[in-house]
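S.K.: As input, take upload.cif (mmCIF, C-alpha atoms and all ligand atoms):
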data_final
loop_
_atom_site.label_atom_id
_atom_site.label_comp_id
_atom_site.auth_asym_id
_atom_site.auth_seq_id
_atom_site.Cartn_x
_atom_site.Cartn_y
_atom_site.Cartn_z
CA MET A 1 -11.98 -13.05 -13.66
CA LEU A 2 -10.33 -16.19 -15.04
CA ILE A 3 -12.47 -19.07 -16.23
CA THR A 4 -11.12 -22.03 -14.26
CA LYS A 5 -11.07 -25.19 -16.37
CA ILE A 6 -11.21 -28.80 -15.16
CA TYR A 7 -8.68 -30.68 -17.33
CA THR A 8 -9.24 -34.35 -18.06
CA GLN A 9 -6.24 -36.64 -18.51
CA LYS A 10 -6.61 -36.25 -22.31
CA GLU A 11 -5.98 -32.52 -21.93
CA LEU A 12 -2.67 -32.87 -20.08
CA SER A 13 -0.63 -31.23 -22.86
CA GLU A 14 -2.86 -28.17 -22.70
CA ALA A 15 -2.38 -27.96 -18.91
CA ALA A 16 1.41 -28.41 -19.28
CA ASN A 17 1.46 -25.64 -21.84
CA GLU A 18 -0.36 -23.24 -19.51
CA LEU A 19 2.21 -24.03 -16.79
CA ARG A 20 5.06 -23.27 -19.21
CA LEU A 21 3.37 -19.92 -19.93
CA GLY A 22 3.45 -19.06 -16.21
CA GLU A 23 -0.19 -19.87 -15.44
CA LEU A 24 -1.39 -21.67 -12.28
CA VAL A 25 -2.76 -25.20 -12.68
CA ALA A 26 -3.68 -27.43 -9.72
CA PHE A 27 -2.61 -31.08 -9.93
CA PRO A 28 -3.53 -34.36 -8.20
CA THR A 29 -1.20 -36.25 -5.87
CA GLU A 30 -1.79 -39.26 -3.64
CA THR A 31 -1.88 -37.01 -0.55
CA VAL A 32 -3.82 -33.83 -1.42
CA TYR A 33 -4.20 -31.68 -4.56
CA GLY A 34 -1.33 -29.22 -5.14
CA LEU A 35 -1.37 -25.73 -6.64
CA GLY A 36 1.13 -25.88 -9.49
CA ALA A 37 3.28 -23.15 -10.97
CA ASP A 38 6.64 -23.27 -12.78
CA ALA A 39 9.14 -23.27 -9.89
CA THR A 40 11.73 -21.55 -12.11
CA ASN A 41 9.40 -18.61 -12.90
CA GLU A 42 9.45 -16.18 -9.98
CA GLN A 43 6.41 -14.20 -11.14
CA ALA A 44 4.35 -17.38 -11.47
CA VAL A 45 5.41 -18.54 -7.98
CA LYS A 46 4.44 -15.20 -6.47
CA ARG A 47 0.96 -15.55 -7.93
CA VAL A 48 0.55 -18.84 -6.01
CA TYR A 49 0.68 -16.92 -2.74
CA LEU A 50 -1.88 -14.45 -4.03
CA ALA A 51 -4.27 -17.17 -5.23
CA LYS A 52 -4.09 -18.99 -1.88
CA GLY A 53 -4.15 -15.84 0.20
CA ARG A 54 -1.06 -17.14 1.99
CA PRO A 55 1.73 -15.15 3.66
CA SER A 56 4.64 -15.00 1.25
CA ASP A 57 7.49 -15.95 3.61
CA ASN A 58 6.37 -19.58 3.87
CA PRO A 59 8.64 -21.75 1.67
CA LEU A 60 7.08 -24.03 -0.96
CA ILE A 61 7.63 -27.66 -1.95
CA VAL A 62 9.35 -28.24 -5.30
CA THR A 63 7.48 -31.09 -7.03
CA VAL A 64 9.60 -33.15 -9.44
CA CYS A 65 9.25 -36.12 -11.80
CA SER A 66 12.87 -37.34 -11.56
CA ARG A 67 15.93 -37.28 -9.30
CA GLU A 68 17.86 -35.46 -12.04
CA MET A 69 15.44 -32.55 -11.60
CA VAL A 70 16.46 -32.38 -7.92
CA GLU A 71 20.17 -32.60 -8.70
CA GLU A 72 19.91 -29.56 -10.92
CA TYR A 73 19.41 -27.51 -7.75
CA THR A 74 21.33 -29.56 -5.17
CA GLY A 75 24.25 -31.01 -7.13
CA LYS A 76 25.15 -34.62 -6.27
CA LEU A 77 22.59 -36.05 -3.86
CA PRO A 78 23.70 -36.94 -0.30
CA ALA A 79 23.76 -40.70 0.39
CA ASP A 80 20.87 -40.46 2.88
CA ALA A 81 18.68 -38.74 0.29
CA VAL A 82 19.38 -41.52 -2.21
CA LYS A 83 18.44 -44.16 0.39
CA LEU A 84 15.13 -42.44 1.15
CA MET A 85 14.34 -41.88 -2.54
CA ASP A 86 15.09 -45.57 -3.30
CA GLU A 87 12.62 -46.61 -0.63
CA PHE A 88 9.88 -43.97 -0.68
CA TRP A 89 9.84 -42.21 -4.09
CA PRO A 90 7.52 -41.71 -5.78
CA GLY A 91 5.49 -41.32 -2.58
CA SER A 92 4.47 -39.32 0.46
CA LEU A 93 7.90 -38.17 1.62
CA THR A 94 9.18 -34.62 1.10
CA ILE A 95 12.94 -34.24 1.56
CA ILE A 96 14.62 -30.96 2.55
CA LEU A 97 18.10 -30.58 1.08
CA LYS A 98 20.75 -27.86 0.85
CA ILE A 99 20.68 -26.19 -2.56
CA LYS A 100 23.34 -24.43 -4.64
CA PRO A 101 23.45 -20.70 -3.88
CA ASP A 102 20.55 -18.88 -5.59
CA ALA A 103 19.54 -22.02 -7.49
CA LEU A 104 15.87 -21.26 -6.74
CA SER A 105 14.19 -17.91 -6.19
CA LYS A 106 13.42 -16.50 -2.77
CA ALA A 107 9.73 -16.84 -3.64
CA VAL A 108 10.25 -20.63 -3.53
CA THR A 109 12.67 -20.97 -0.60
CA GLY A 110 11.50 -18.07 1.56
CA GLY A 111 15.18 -17.04 1.57
CA LEU A 112 16.42 -20.31 3.14
CA THR A 113 19.55 -22.06 1.82
CA THR A 114 17.54 -25.27 1.53
CA ALA A 115 14.53 -26.44 -0.46
CA ALA A 116 11.88 -29.15 0.00
CA PHE A 117 11.60 -31.74 -2.82
CA ARG A 118 8.85 -34.24 -3.45
CA MET A 119 8.02 -36.80 -6.14
CA PRO A 120 4.33 -37.67 -5.72
CA ALA A 121 2.93 -41.14 -6.42
CA ASN A 122 0.56 -39.99 -9.13
CA GLN A 123 1.19 -41.00 -12.76
CA VAL A 124 -0.85 -38.15 -14.23
CA THR A 125 1.13 -35.51 -12.37
CA LEU A 126 4.50 -37.13 -13.09
CA GLU A 127 3.50 -36.99 -16.78
CA LEU A 128 2.36 -33.36 -16.41
CA ILE A 129 5.71 -32.31 -14.94
CA LYS A 130 7.58 -34.20 -17.64
CA GLU A 131 5.60 -32.43 -20.35
CA ALA A 132 5.99 -29.04 -18.70
CA GLY A 133 9.74 -29.73 -18.52
CA VAL A 134 10.10 -27.80 -15.24
CA PRO A 135 9.54 -28.63 -11.58
CA LEU A 136 6.33 -27.25 -10.08
CA VAL A 137 5.87 -25.56 -6.74
CA GLY A 138 3.04 -27.39 -5.06
CA PRO A 139 1.48 -26.12 -1.87
CA SER A 140 -1.89 -27.64 -1.09
CA ALA A 141 -4.47 -26.15 -3.48
CA ASN A 142 -6.85 -24.74 -0.85
CA SER A 143 -7.41 -21.15 0.19
CA SER A 144 -5.19 -20.49 3.19
CA GLY A 145 -6.87 -21.59 6.43
CA LYS A 146 -9.21 -24.13 4.80
CA PRO A 147 -8.71 -27.90 5.00
CA SER A 148 -6.47 -29.24 2.23
CA PRO A 149 -8.33 -30.38 -0.92
CA THR A 150 -8.70 -34.10 -1.60
CA THR A 151 -10.82 -33.77 -4.78
CA ALA A 152 -10.67 -31.52 -7.86
CA GLN A 153 -14.07 -30.15 -6.76
CA HIS A 154 -12.58 -28.93 -3.45
CA VAL A 155 -9.93 -27.04 -5.43
CA PHE A 156 -12.55 -25.57 -7.75
CA HIS A 157 -14.64 -24.47 -4.76
CA ASP A 158 -11.73 -22.59 -3.18
CA LEU A 159 -9.85 -21.24 -6.19
CA GLU A 160 -12.38 -20.79 -9.01
CA GLY A 161 -11.58 -17.62 -10.95
CA ARG A 162 -8.12 -17.39 -9.42
CA ILE A 163 -6.30 -20.18 -11.31
CA LYS A 164 -6.21 -21.39 -14.93
CA GLY A 165 -7.40 -24.90 -14.13
CA VAL A 166 -7.22 -28.14 -12.21
CA VAL A 167 -6.21 -31.55 -13.54
CA ASP A 168 -8.82 -34.01 -12.26
CA ASP A 169 -7.68 -37.50 -11.29
CA GLY A 170 -10.46 -38.31 -8.84
CA PRO A 171 -10.20 -38.38 -5.04
CA THR A 172 -6.76 -38.76 -3.42
CA THR A 173 -5.82 -42.04 -1.73
CA VAL A 174 -3.80 -40.93 1.34
CA GLY A 175 -5.58 -37.71 2.27
CA VAL A 176 -3.02 -36.09 4.62
CA GLU A 177 -0.02 -34.16 3.33
CA SER A 178 3.39 -35.78 2.92
CA THR A 179 5.85 -36.40 5.72
CA ILE A 180 8.55 -33.70 5.68
CA VAL A 181 12.06 -34.84 6.62
CA ASP A 182 14.92 -32.36 6.89
CA LEU A 183 18.27 -33.80 5.77
CA SER A 184 20.05 -30.44 5.78
CA ALA A 185 20.88 -30.45 9.51
CA LYS A 186 23.23 -32.74 11.49
CA LYS A 187 20.50 -35.20 12.40
CA PRO A 188 17.58 -36.07 10.12
CA ALA A 189 14.46 -34.41 11.53
CA VAL A 190 10.79 -34.96 10.78
CA LEU A 191 9.12 -31.51 10.59
CA ARG A 192 5.64 -32.74 9.67
CA PRO A 193 4.17 -36.22 10.25
CA GLY A 194 2.61 -37.99 7.27
CA ALA A 195 2.08 -41.48 5.87
CA VAL A 196 5.81 -42.27 6.02
CA THR A 197 6.61 -42.60 9.74
CA PRO A 198 9.81 -41.53 11.58
CA GLU A 199 10.38 -45.19 12.48
CA GLU A 200 10.33 -46.19 8.80
CA ILE A 201 12.79 -43.39 7.95
CA ALA A 202 15.10 -44.36 10.82
CA ALA A 203 15.04 -48.01 9.67
CA VAL A 204 16.07 -47.08 6.12
CA LEU A 205 18.80 -44.63 7.22
CA GLY A 206 20.06 -46.84 10.03
CA LYS A 207 20.28 -43.85 12.35
CA GLU A 208 18.28 -41.79 14.81
CA VAL A 209 15.60 -39.47 13.41
CA VAL A 210 14.44 -36.60 15.60
CA SER A 211 10.97 -35.10 15.74
CA ASP A 212 11.43 -31.36 15.32
CA LYS A 213 7.84 -30.16 15.23
CA HIS A 214 8.28 -27.36 17.76
CA HIS A 215 11.78 -26.13 17.10
CA VAL A 216 11.04 -22.94 15.21
CA GLY A 217 11.08 -19.48 16.75
CA GLN A 218 8.40 -16.90 15.92
CA THR A 219 10.68 -14.61 13.94
CA GLU A 220 12.18 -17.30 11.73
CA VAL A 221 10.74 -18.46 8.45
CA PRO A 222 8.34 -21.20 9.51
CA LYS A 223 9.83 -24.62 8.89
CA ALA A 224 6.60 -26.54 8.64
CA PRO A 225 2.95 -25.64 8.19
CA GLY A 226 0.92 -24.65 11.20
CA MET A 227 3.94 -23.47 13.18
CA LYS A 228 3.29 -19.82 12.54
CA TYR A 229 0.00 -19.62 10.66
CA LYS A 230 -3.31 -21.24 11.48
CA HIS A 231 -4.00 -24.18 9.15
CA TYR A 232 -6.80 -26.63 8.49
CA ALA A 233 -9.36 -24.74 10.56
CA PRO A 234 -13.00 -24.96 9.50
CA ASP A 235 -15.52 -22.37 10.76
CA ALA A 236 -17.33 -24.91 12.96
CA GLN A 237 -15.77 -25.84 16.33
CA VAL A 238 -14.30 -29.32 16.10
CA LEU A 239 -14.28 -31.42 19.29
CA ILE A 240 -12.02 -34.49 19.43
CA VAL A 241 -13.80 -37.54 20.86
CA LYS A 242 -11.73 -40.36 22.35
CA ALA A 243 -12.89 -43.90 21.52
CA ASP A 244 -14.47 -44.53 24.95
CA GLN A 245 -16.44 -41.25 25.03
CA TRP A 246 -18.91 -41.62 22.20
CA THR A 247 -21.88 -42.43 24.44
CA ASP A 248 -21.31 -39.22 26.44
CA ALA A 249 -20.57 -37.17 23.34
CA LEU A 250 -23.81 -38.26 21.63
CA ALA A 251 -25.81 -37.53 24.80
CA TRP A 252 -24.29 -34.02 24.79
CA ALA A 253 -25.08 -33.64 21.08
CA SER A 254 -28.72 -34.58 21.66
CA GLN A 255 -29.06 -31.56 23.98
CA GLN A 256 -27.87 -29.05 21.36
CA LYS A 257 -30.56 -26.99 19.65
CA THR A 258 -29.04 -27.28 16.17
CA LYS A 259 -27.66 -30.09 14.03
CA VAL A 260 -24.34 -31.57 15.21
CA GLY A 261 -21.86 -33.10 12.73
CA VAL A 262 -20.31 -36.45 13.68
CA MET A 263 -17.18 -37.81 12.00
CA ALA A 264 -16.63 -41.28 13.37
CA LEU A 265 -15.10 -44.65 12.59
CA ASP A 266 -17.67 -47.40 11.98
CA GLU A 267 -16.63 -49.13 15.22
CA ASN A 268 -17.23 -45.95 17.28
CA LEU A 269 -20.94 -45.97 16.50
CA ALA A 270 -21.58 -49.72 16.32
CA LYS A 271 -23.33 -49.85 19.72
CA GLU A 272 -24.68 -46.28 19.86
CA THR A 273 -28.17 -44.90 19.23
CA LEU A 274 -27.97 -41.74 17.17
CA PRO A 275 -29.92 -38.64 18.30
CA ALA A 276 -32.21 -37.15 15.63
CA ASN A 277 -30.19 -33.92 15.36
CA VAL A 278 -26.94 -35.72 14.54
CA GLU A 279 -25.65 -36.22 11.00
CA VAL A 280 -22.86 -38.75 10.45
CA PHE A 281 -20.01 -38.47 7.94
CA SER A 282 -18.31 -41.86 8.08
CA LEU A 283 -14.54 -42.04 8.45
CA GLY A 284 -14.71 -45.71 7.49
CA LYS A 285 -13.19 -48.71 9.15
CA ASP A 286 -9.66 -47.74 10.17
CA VAL A 287 -7.04 -44.99 10.59
CA SER A 288 -6.10 -45.19 6.93
CA SER A 289 -9.64 -44.47 5.69
CA ALA A 290 -10.07 -41.87 8.46
CA SER A 291 -6.98 -40.00 7.24
CA ASN A 292 -8.24 -40.14 3.69
CA HIS A 293 -11.66 -38.69 4.61
CA LEU A 294 -10.76 -36.23 7.38
CA PHE A 295 -10.47 -33.09 5.23
CA ALA A 296 -13.51 -33.95 3.11
CA GLY A 297 -15.62 -34.37 6.27
CA LEU A 298 -14.46 -31.06 7.74
CA ARG A 299 -15.36 -29.35 4.47
CA TYR A 300 -18.73 -31.13 4.31
CA PHE A 301 -19.86 -29.86 7.71
CA ASP A 302 -17.96 -26.55 7.72
CA ASP A 303 -20.77 -24.08 6.94
CA GLN A 304 -23.64 -26.34 8.07
CA VAL A 305 -23.09 -26.85 11.81
CA ASP A 306 -21.66 -25.13 14.88
CA TYR A 307 -20.04 -28.28 16.29
CA ILE A 308 -18.30 -31.26 14.72
CA LEU A 309 -17.55 -34.27 16.95
CA CYS A 310 -14.60 -36.09 15.38
CA ALA A 311 -12.93 -39.38 16.29
CA GLY A 312 -9.55 -39.33 18.01
CA VAL A 313 -7.21 -42.29 17.42
CA PRO A 314 -3.96 -43.46 19.05
CA GLU A 315 -0.99 -41.35 17.90
CA VAL A 316 1.01 -44.20 16.37
CA GLY A 317 1.93 -44.86 12.74
CA LEU A 318 -0.38 -42.98 10.39
CA GLY A 319 -2.40 -42.04 13.49
CA GLU A 320 0.28 -39.45 14.32
CA ALA A 321 -0.34 -37.58 11.04
CA TYR A 322 -4.12 -37.90 11.39
CA MET A 323 -4.10 -36.55 14.97
CA ASN A 324 -1.68 -33.74 14.01
CA ARG A 325 -4.18 -32.44 11.39
CA LEU A 326 -7.22 -33.07 13.61
CA GLN A 327 -5.65 -31.26 16.60
CA LYS A 328 -4.99 -28.23 14.39
CA ALA A 329 -8.55 -28.26 13.03
CA ALA A 330 -9.89 -28.50 16.60
CA GLY A 331 -7.48 -25.98 18.10
CA ASN A 332 -6.63 -29.02 20.26
CA VAL A 333 -10.04 -28.97 21.98
CA TYR A 334 -11.21 -32.35 23.26
CA PHE A 335 -14.85 -33.20 24.01
CA SER A 336 -13.77 -34.31 27.50
CA SER A 337 -12.59 -30.76 28.32
CA ILE A 338 -15.78 -28.91 27.31
CA LYS A 339 -17.92 -31.40 29.18
CA LYS A 340 -16.20 -30.44 32.44
CA ASP A 341 -17.00 -26.76 31.80
CA ASN A 342 -20.78 -27.35 31.62
O1 LIG A 401 1.57 -33.71 0.40
C1 LIG A 401 2.08 -32.60 0.26
O2 LIG A 401 3.22 -32.33 0.68
C2 LIG A 401 1.27 -31.55 -0.49
C3 LIG A 401 1.07 -32.03 -1.93
C4 LIG A 401 0.30 -31.04 -2.77
O3 LIG A 401 2.32 -32.30 -2.52
N1 LIG A 401 1.90 -30.26 -0.45
C5 LIG A 401 1.95 -29.49 0.69
O4 LIG A 401 2.59 -28.28 0.54
O5 LIG A 401 1.48 -29.84 1.72
P1 LIG A 401 2.50 -27.09 1.60
O6 LIG A 401 3.15 -25.92 0.94
O7 LIG A 401 1.09 -26.91 2.04
O8 LIG A 401 3.40 -27.55 2.77
C6 LIG A 401 4.82 -27.62 2.61
C7 LIG A 401 5.52 -27.08 3.80
C8 LIG A 401 5.52 -25.57 3.84
O9 LIG A 401 4.42 -25.07 4.53
C9 LIG A 401 6.81 -25.24 4.56
O10 LIG A 401 6.59 -24.93 5.92
C10 LIG A 401 7.64 -26.50 4.45
O11 LIG A 401 6.90 -27.42 3.71
N2 LIG A 401 8.88 -26.20 3.74
C11 LIG A 401 9.05 -25.96 2.43
N3 LIG A 401 10.34 -25.70 2.15
C12 LIG A 401 11.01 -25.78 3.31
C13 LIG A 401 12.38 -25.61 3.71
N4 LIG A 401 13.33 -25.33 2.83
N5 LIG A 401 12.68 -25.79 5.01
C14 LIG A 401 11.73 -26.10 5.90
N6 LIG A 401 10.42 -26.26 5.60
C15 LIG A 401 10.07 -26.10 4.33
MG MG A 402 -1.07 -26.61 3.05
#
Give the structure from this file in structure tokens form.
M.R.:
Amino acid sequence: MLITKIYTQKELSEAANELRLGELVAFPTETVYGLGADATNEQAVKRVYLAKGRPSDNPLIVTVCSREMVEEYTGKLPADAVKLMDEFWPGSLTIILKIKPDALSKAVTGGLTTAAFRMPANQVTLELIKEAGVPLVGPSANSSGKPSPTTAQHVFHDLEGRIKGVVDDGPTTVGVESTIVDLSAKKPAVLRPGAVTPEEIAAVLGKEVVSDKHHVGQTEVPKAPGMKYKHYAPDAQVLIVKADQWTDALAWASQQKTKVGVMALDENLAKETLPANVEVFSLGKDVSSASNHLFAGLRYFDDQVDYILCAGVPEVGLGEAYMNRLQKAAGNVYFSSIKKDN
């Protein structure tokens, strides 16, 4: 078994060296921690799937530190890509572009003629990629089916003994994975909602942006996470609680025989009395803090409770990304629907 090391920022050169040797090293980003491997080393990329326990036909994001790194695989960038990079890079937007034939291995692209590129807003990781001298594949650094990791400790918990190390840069600041926009088709399409909204992308491009979250058939290579495989699902049953249902939800919780986990915004609980068998994991004051703490809360309660009551928010702006992850974690089960069954 490998000894998994936690690298400090002073040990970045050592981590970069391991990546050059084909080892797996997890890295911080502003969204979630990624599982890094040299994207140009097919054997290293294949080991990423093994470490995560993830089906190997799901394409991976290519994480870069410069636009030149992208152009090596795509040739001259399309004008729309340049506009989006000017506005959102480094940051939480992954851009899918056509690549030159066979420019990246099938292990990276899943056999597609396109690839997904992202430049994260994290100085340590941009430096790591620069030192490694190669782009890194970077799926979220969790075991498949677990919530994405937002701290180095989450990565360590899931992947200890299976990767060389993790570069620790503290907790992430966004907490949900990047927006994925596909520029390889006729119309730009958002395949996964994230902190950069479709409206913001449309404003920068000056054209319509479609939402293409359900447009993939079962036999195709999945275009975005969660379309074919179950993602983000903790062992406990998560129940989504709408803002006006907390009084009912807490009354229901008080009747359960075991502890119930509650993930709520401060305002949800301001006027409520908490039953003794409820434990609260605060999602903070707004949608932004809720997004940043969602995965950590799911992990916190995962093996402790049978039920987690978690705050629903309006599906606008960042709320769309938050609800997308929460609905997957909950299998789209709302508290209001189970209450009717009783
Ligand atoms: O915020 C993020 O994007 C994080 C951090 C670590 O960078 N990474 C991440 O990677 O969420 P991952 O692998 O969990 O999700 C990327 C998804 C893949 O599941 C895949 O469905 C989609 O991007 N994807 C990758 N390449 C694609 C392509 N060429 N066409 C369509 N979808 C693609
Ligand atoms: Mg993932």
S.K.: For the contact check between chain A and ligand LIG 401 (chain A), emit one row per residue of chain A within 8 Å, containing the shortest atom pair and the distance in Å rounded to one decimal, counting all atoms listed in the file, chain then rising number order, as a Markdown table.
M.R.:
| residue | atom | partner | partner_atom | distance |
| --- | --- | --- | --- | --- |
| A:Phe27 | CA | A:LIG401 | C4 | 7.7 |
| A:Pro28 | CA | A:LIG401 | C4 | 7.4 |
| A:Thr29 | CA | A:LIG401 | C3 | 6.2 |
| A:Glu30 | CA | A:LIG401 | O1 | 7.6 |
| A:Thr31 | CA | A:LIG401 | O1 | 4.9 |
| A:Val32 | CA | A:LIG401 | C4 | 5.2 |
| A:Tyr33 | CA | A:LIG401 | C4 | 4.9 |
| A:Gly34 | CA | A:LIG401 | C4 | 3.4 |
| A:Leu35 | CA | A:LIG401 | C4 | 6.8 |
| A:Asn58 | CA | A:LIG401 | C9 | 5.7 |
| A:Pro59 | CA | A:LIG401 | C11 | 4.3 |
| A:Leu60 | CA | A:LIG401 | C11 | 4.4 |
| A:Ile61 | CA | A:LIG401 | C11 | 4.9 |
| A:Val62 | CA | A:LIG401 | N3 | 7.9 |
| A:Thr63 | CA | A:LIG401 | O3 | 7.0 |
| A:Ser92 | CA | A:LIG401 | O1 | 6.3 |
| A:Leu93 | CA | A:LIG401 | O2 | 7.5 |
| A:Thr94 | CA | A:LIG401 | O2 | 6.4 |
| A:Ile96 | CA | A:LIG401 | N4 | 5.8 |
| A:Leu97 | CA | A:LIG401 | N4 | 7.3 |
| A:Val108 | CA | A:LIG401 | N3 | 7.6 |
| A:Thr109 | CA | A:LIG401 | N4 | 5.6 |
| A:Gly110 | CA | A:LIG401 | N4 | 7.6 |
| A:Leu112 | CA | A:LIG401 | N4 | 5.9 |
| A:Thr113 | CA | A:LIG401 | N4 | 7.1 |
| A:Thr114 | CA | A:LIG401 | N4 | 4.4 |
| A:Ala115 | CA | A:LIG401 | N4 | 3.7 |
| A:Ala116 | CA | A:LIG401 | N3 | 4.3 |
| A:Phe117 | CA | A:LIG401 | N3 | 7.9 |
| A:Arg118 | CA | A:LIG401 | O3 | 6.9 |
| A:Pro120 | CA | A:LIG401 | O3 | 6.6 |
| A:Gly138 | CA | A:LIG401 | C4 | 5.1 |
| A:Pro139 | CA | A:LIG401 | O6 | 3.3 |
| A:Ser140 | CA | A:LIG401 | C4 | 4.4 |
| A:Ala141 | CA | A:LIG401 | C4 | 6.9 |
| A:Ser148 | CA | A:LIG401 | O7 | 7.9 |
| A:Val176 | CA | A:LIG401 | O1 | 6.7 |
| A:Glu177 | CA | A:LIG401 | O1 | 3.4 |
| A:Ser178 | CA | A:LIG401 | O1 | 3.7 |
| A:Thr179 | CA | A:LIG401 | O2 | 7.0 |
| A:Ile180 | CA | A:LIG401 | O11 | 6.8 |
| A:Asp182 | CA | A:LIG401 | C14 | 7.1 |
| A:Leu191 | CA | A:LIG401 | N6 | 7.4 |
| A:Pro222 | CA | A:LIG401 | O10 | 5.5 |
| A:Lys223 | CA | A:LIG401 | N6 | 3.7 |
| A:Ala224 | CA | A:LIG401 | O10 | 3.2 |
| A:Pro225 | CA | A:LIG401 | O9 | 4.0 |
| A:Gly226 | CA | A:LIG401 | O9 | 7.5 |
| A:Met227 | CA | A:LIG401 | O10 | 7.9 |
S.K.: Got a sec: who's within 12 Å of Lys186 of chain A, counting all atoms listed in the file, leaving out chain neighbours fewer than 5 positions off, as a list in words?
M.R.: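 Counting all atoms listed in the file, the residues come to Asp80, Leu97, Lys98, Lys207, Glu208, Val209 and Val210 of chain A.
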S.K.: Write the residues of the selection above to a file with C-alpha atoms, as a JSON list (two decimals), in the coordinates of the input.
M.R.:
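File part34.json, as written:
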[["chain", "number", "residue", "atom", "x", "y", "z"],
["A", 80, "ASP", "CA", 20.87, -40.46, 2.88],
["A", 97, "LEU", "CA", 18.10, -30.58, 1.08],
["A", 98, "LYS", "CA", 20.75, -27.86, 0.85],
["A", 207, "LYS", "CA", 20.28, -43.85, 12.35],
["A", 208, "GLU", "CA", 18.28, -41.79, 14.81],
["A", 209, "VAL", "CA", 15.60, -39.47, 13.41],
["A", 210, "VAL", "CA", 14.44, -36.60, 15.60]]
S.K.: Set out as a Markdown table a contact list for segment 244-295 of chain A and segment 314-320 of chain A with a cut-off of 12 Å, giving each residue of segment 244-295 of chain A that qualifies its closest atom pair and distance in Å to one decimal, counting only C-alpha atoms, ordered by chain and rising residue number.
M.R.:
| residue | atom | partner | partner_atom | distance |
| --- | --- | --- | --- | --- |
| A:Asp286 | CA | A:Gly319 | CA | 9.8 |
| A:Val287 | CA | A:Gly319 | CA | 6.2 |
| A:Ser288 | CA | A:Leu318 | CA | 7.0 |
| A:Ser289 | CA | A:Leu318 | CA | 10.5 |
| A:Ala290 | CA | A:Gly319 | CA | 9.2 |
| A:Ser291 | CA | A:Leu318 | CA | 7.9 |
| A:Asn292 | CA | A:Leu318 | CA | 10.7 |
| A:Leu294 | CA | A:Gly319 | CA | 11.9 |
S.K.: For segment 238-252 of chain A, find every residue with an atom within 7 Å (counting only C-alpha atoms), except residues of its own chain fewer than 2 positions away, and show them as a PyMOL selection string.
M.R.: chain A and resi 236+254-255+268+272+275+307-313+329-330+333-335
S.K.: Work out how far atom CA of Thr4 of chain A is from atom CA of Lys52 of chain A, in Å to one decimal.
M.R.: 14.6 Å
S.K.: Enter the distance from atom CA of Ala132 of chain A to atom CA of Ala16 of chain A, in Å, rounded to one decimal.
M.R.: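 Value for the atom CA of Ala132 of chain A-atom CA of Ala16 of chain A distance: 4.7 Å.
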S.K.: For atom CA of Val45 of chain A and atom CA of Arg325 of chain A, quote the distance in Å rounded to one decimal.
M.R.: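 Going from atom CA of Val45 of chain A over to atom CA of Arg325 of chain A, I get 25.7 Å.
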S.K.: With all atoms listed in the file as the atoms that count, which of A:Ser143, A:Ile129, A:Lys10, A:Pro78 lies nearest to ligand MG 402 (chain A)?
M.R.: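 Among the listed residues, A:Ser143 lies closest to ligand MG 402 (chain A).
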S.K.: Hey, which of A:Lys83, A:Gly261, A:Tyr49, A:Thr173 ends up closest to ligand MG 402 (chain A)? Count all atoms listed in the file.
M.R.: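 Of A:Lys83, A:Gly261, A:Tyr49, A:Thr173, the one nearest ligand MG 402 (chain A) is A:Tyr49, counting all atoms listed in the file.
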S.K.: What residues have an atom no more than 10 Å from (-7.6, -40.0, -11.5) in the file's own frame, counting only C-alpha atoms, and can you write them as a list in words?
M.R.: Thr8, Gln9, Pro28, Thr29, Glu30, Asn122, Gln123, Val124, Thr125, Thr151, Ala152, Val167, Asp168, Asp169, Gly170, Pro171 and Thr172 of chain A
S.K.: Name the residues in contact with Cys65 of chain A at a cut-off of 7 Å, using only C-alpha atoms, excluding same-chain residues fewer than 6 positions from it; report them as an NGL selection string.
M.R.: :A and (119 or 126 or 129-130)
